[in-house]
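**Q** Before we start, here is the structure in question, set down as structure tokens.
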Amino acid sequence: MCDRRGLPLTVLISAANTHDSQLLMPLLDSLAPIRARRGRPRRRPVKLHADKAYDQPALRREVRRRGIIVRIARKGIESSQRLGRHRWIVEACLAWLQRNRRLVRRYDRKPEHFQAFADLGCTPLCYRRLVNTN
């Protein structure tokens with residue numbers, strides 16, 4: 001999960017044959033509080049942009065129940081072209097993570113090790129965003 005500028009907020013790993021939609025709720029639960037300059041830290045994002053793979057009524061209900069605005073293209077009704085202006089940021093973030101050879105091909109047997117390397121792969125992305133904003 002990343003923010004609108006491509007900053008990785010949280011990373012989860014799963015088996016290769018697990019559908020992405022099954023990880024949406026654990027991904028939202030693993031999101032750390034977002035610190036702001038003033039006020040209480042936000043616990044959840046304002047909007048969620050996702051592709052048609054996440055278009056399931058149960059997922060939509062659960063995301064709305066958490067107080068998040070859902071922006072998911074509906075299968076067979078809407079074109080996914082409108083989400084392209086938001087979706088490319090997520091795809092770019094994934095492409096930046098794929099620069100790490102260790103993440104492209106999984107060499108580790110233990111999932112804890114692979115999760116640690118995925119977190120380490122996000123570190124340079126976060127550092128670059130921090131340097132570019134100051």
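Residue numbers start at 1 in each chain; chains themselves are named A, B, ... in the order of the structure tokens; ligands are numbered from 1 in the order shown.
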Mind the document's chain letters and residue numbers, and return as a PyMOL selection string the residues of chain A that DSSP labels strand (DSSP E or B).
**A** chain A and resi 2+8+34+42+47-50+69-72
**Q** Output N, CA, C and O atoms for every residue in the selection just made, as a PDB file, in the first residue's frame.
**A**
```
ATOM      1  N   CYS A   2       0.563   2.184  -0.842  1.00  0.00           N
ATOM      2  CA  CYS A   2       1.352   3.412  -0.897  1.00  0.00           C
ATOM      3  C   CYS A   2       0.418   4.617  -0.907  1.00  0.00           C
ATOM      4  O   CYS A   2      -0.777   4.486  -1.144  1.00  0.00           O
ATOM      5  N   PRO A   8       5.807   4.073   0.050  1.00  0.00           N
ATOM      6  CA  PRO A   8       5.246   2.832   0.607  1.00  0.00           C
ATOM      7  C   PRO A   8       4.844   3.020   2.067  1.00  0.00           C
ATOM      8  O   PRO A   8       5.640   3.474   2.882  1.00  0.00           O
ATOM      9  N   ILE A  34      -0.724   7.616  10.874  1.00  0.00           N
ATOM     10  CA  ILE A  34      -0.097   8.626  10.037  1.00  0.00           C
ATOM     11  C   ILE A  34       0.030   9.901  10.857  1.00  0.00           C
ATOM     12  O   ILE A  34      -0.962  10.501  11.246  1.00  0.00           O
ATOM     13  N   ARG A  42      -3.869  10.086  12.193  1.00  0.00           N
ATOM     14  CA  ARG A  42      -4.929   9.367  11.475  1.00  0.00           C
ATOM     15  C   ARG A  42      -4.595   7.889  11.462  1.00  0.00           C
ATOM     16  O   ARG A  42      -3.475   7.487  11.221  1.00  0.00           O
ATOM     17  N   LYS A  47      -9.168   7.917   1.266  1.00  0.00           N
ATOM     18  CA  LYS A  47      -9.696   7.220   0.096  1.00  0.00           C
ATOM     19  C   LYS A  47      -8.845   5.997  -0.202  1.00  0.00           C
ATOM     20  O   LYS A  47      -7.663   5.965   0.119  1.00  0.00           O
ATOM     21  N   LEU A  48      -9.474   5.033  -0.849  1.00  0.00           N
ATOM     22  CA  LEU A  48      -8.777   3.832  -1.292  1.00  0.00           C
ATOM     23  C   LEU A  48      -9.029   3.655  -2.779  1.00  0.00           C
ATOM     24  O   LEU A  48     -10.174   3.463  -3.195  1.00  0.00           O
ATOM     25  N   HIS A  49      -7.983   3.757  -3.590  1.00  0.00           N
ATOM     26  CA  HIS A  49      -8.070   3.518  -5.028  1.00  0.00           C
ATOM     27  C   HIS A  49      -7.563   2.110  -5.287  1.00  0.00           C
ATOM     28  O   HIS A  49      -6.485   1.740  -4.823  1.00  0.00           O
ATOM     29  N   ALA A  50      -8.327   1.325  -6.023  1.00  0.00           N
ATOM     30  CA  ALA A  50      -7.927  -0.049  -6.335  1.00  0.00           C
ATOM     31  C   ALA A  50      -8.453  -0.421  -7.713  1.00  0.00           C
ATOM     32  O   ALA A  50      -9.367   0.216  -8.247  1.00  0.00           O
ATOM     33  N   ILE A  69     -13.381   6.155   1.885  1.00  0.00           N
ATOM     34  CA  ILE A  69     -14.090   6.316   0.619  1.00  0.00           C
ATOM     35  C   ILE A  69     -13.532   5.315  -0.380  1.00  0.00           C
ATOM     36  O   ILE A  69     -12.323   5.232  -0.574  1.00  0.00           O
ATOM     37  N   VAL A  70     -14.408   4.556  -1.022  1.00  0.00           N
ATOM     38  CA  VAL A  70     -13.992   3.498  -1.942  1.00  0.00           C
ATOM     39  C   VAL A  70     -13.989   4.018  -3.372  1.00  0.00           C
ATOM     40  O   VAL A  70     -14.985   4.560  -3.840  1.00  0.00           O
ATOM     41  N   ARG A  71     -12.872   3.872  -4.058  1.00  0.00           N
ATOM     42  CA  ARG A  71     -12.736   4.222  -5.473  1.00  0.00           C
ATOM     43  C   ARG A  71     -12.255   2.986  -6.224  1.00  0.00           C
ATOM     44  O   ARG A  71     -11.075   2.827  -6.485  1.00  0.00           O
ATOM     45  N   ILE A  72     -13.184   2.097  -6.527  1.00  0.00           N
ATOM     46  CA  ILE A  72     -12.865   0.854  -7.225  1.00  0.00           C
ATOM     47  C   ILE A  72     -13.733   0.782  -8.471  1.00  0.00           C
ATOM     48  O   ILE A  72     -14.947   0.955  -8.393  1.00  0.00           O
TER      49      ILE A  72
END
```
**Q** Name the residues in contact with Phe117 of chain A at a cut-off of 12 Å, using only C-alpha atoms, excluding same-chain residues fewer than 6 positions from it; report them as a list of chain:residue names.
**A**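 Final neighbour list, sorted by chain and number: A:Val11, A:Leu12, A:Ile13, A:Leu97, A:Gln98, A:Asn100, A:Arg101, A:Arg102, A:Leu103, A:Val104, A:Arg105, A:Arg106, A:Tyr107, A:Asp108, A:Lys110, A:Pro111, A:Thr123, A:Pro124.
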**Q** Could you save those same residues with C-alpha atoms as a PDB file, in the first residue's frame?
**A**
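As written to disk, out-v4.pdb reads:
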```
ATOM      1  CA  VAL A  11       4.128  -4.141   2.805  1.00  0.00           C
ATOM      2  CA  LEU A  12       2.708  -7.623   3.245  1.00  0.00           C
ATOM      3  CA  ILE A  13       3.893 -10.826   1.628  1.00  0.00           C
ATOM      4  CA  LEU A  97      10.701  -2.345  -5.486  1.00  0.00           C
ATOM      5  CA  GLN A  98      11.484  -4.725  -8.344  1.00  0.00           C
ATOM      6  CA  ASN A 100      15.975  -5.221  -5.808  1.00  0.00           C
ATOM      7  CA  ARG A 101      17.038  -8.555  -7.234  1.00  0.00           C
ATOM      8  CA  ARG A 102      16.400 -10.304  -3.946  1.00  0.00           C
ATOM      9  CA  LEU A 103      12.709  -9.344  -4.126  1.00  0.00           C
ATOM     10  CA  VAL A 104      12.246 -10.355  -7.757  1.00  0.00           C
ATOM     11  CA  ARG A 105      13.332 -13.917  -7.165  1.00  0.00           C
ATOM     12  CA  ARG A 106      12.632 -15.306  -3.723  1.00  0.00           C
ATOM     13  CA  TYR A 107      15.778 -16.908  -2.315  1.00  0.00           C
ATOM     14  CA  ASP A 108      14.623 -17.193   1.300  1.00  0.00           C
ATOM     15  CA  LYS A 110      11.399 -18.345   5.795  1.00  0.00           C
ATOM     16  CA  PRO A 111       8.662 -15.778   5.217  1.00  0.00           C
ATOM     17  CA  THR A 123      13.727   2.022   2.935  1.00  0.00           C
ATOM     18  CA  PRO A 124      15.544   3.690  -0.022  1.00  0.00           C
TER      19      PRO A 124
END
```
**Q** Of the candidates A:Leu28, A:Val131, A:Met1, A:Ile89, which one gets nearest to Arg43 of chain A if we count only C-alpha atoms?
**A**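 Answer, going by the shortest atom-to-atom distance: A:Leu28.
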**Q** Which value, in Å to one decimal, gives the distance between atom CA of Cys122 of chain A and atom CA of Pro26 of chain A?
**A** 18.7 Å
**Q** Enter the distance from atom CA of Gly76 of chain A to atom CA of Val46 of chain A, in Å, rounded to one decimal.
**A** 26.0 Å
**Q** What does the distance from atom CA of Leu125 of chain A to atom CA of Gly6 of chain A come to in Å, to one decimal?
**A**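 Atom CA of Gly6 of chain A lies 8.5 Å from atom CA of Leu125 of chain A.
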**Q** With only C-alpha atoms as the atoms that count, which of A:Leu27, A:Ala116, A:Leu7, A:Ala15 lies nearest to Cys93 of chain A?
**A**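 Of A:Leu27, A:Ala116, A:Leu7, A:Ala15, the one nearest Cys93 of chain A is A:Leu7, counting only C-alpha atoms.
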**Q** For Met25 of chain A, find every residue with an atom within 12 Å (counting only C-alpha atoms), except residues of its own chain fewer than 5 positions away, and show them as a list of chain:residue names.
**A**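 Counting only C-alpha atoms, the residues come to A:Met1, A:Leu12, A:Asp20, A:Ser30, A:Leu31, A:Arg44, A:Leu48, A:Tyr54, A:Ala58, A:Leu59, A:Arg60, A:Arg61, A:Glu62, A:Val63, A:Arg64, A:Arg65, A:Arg66.
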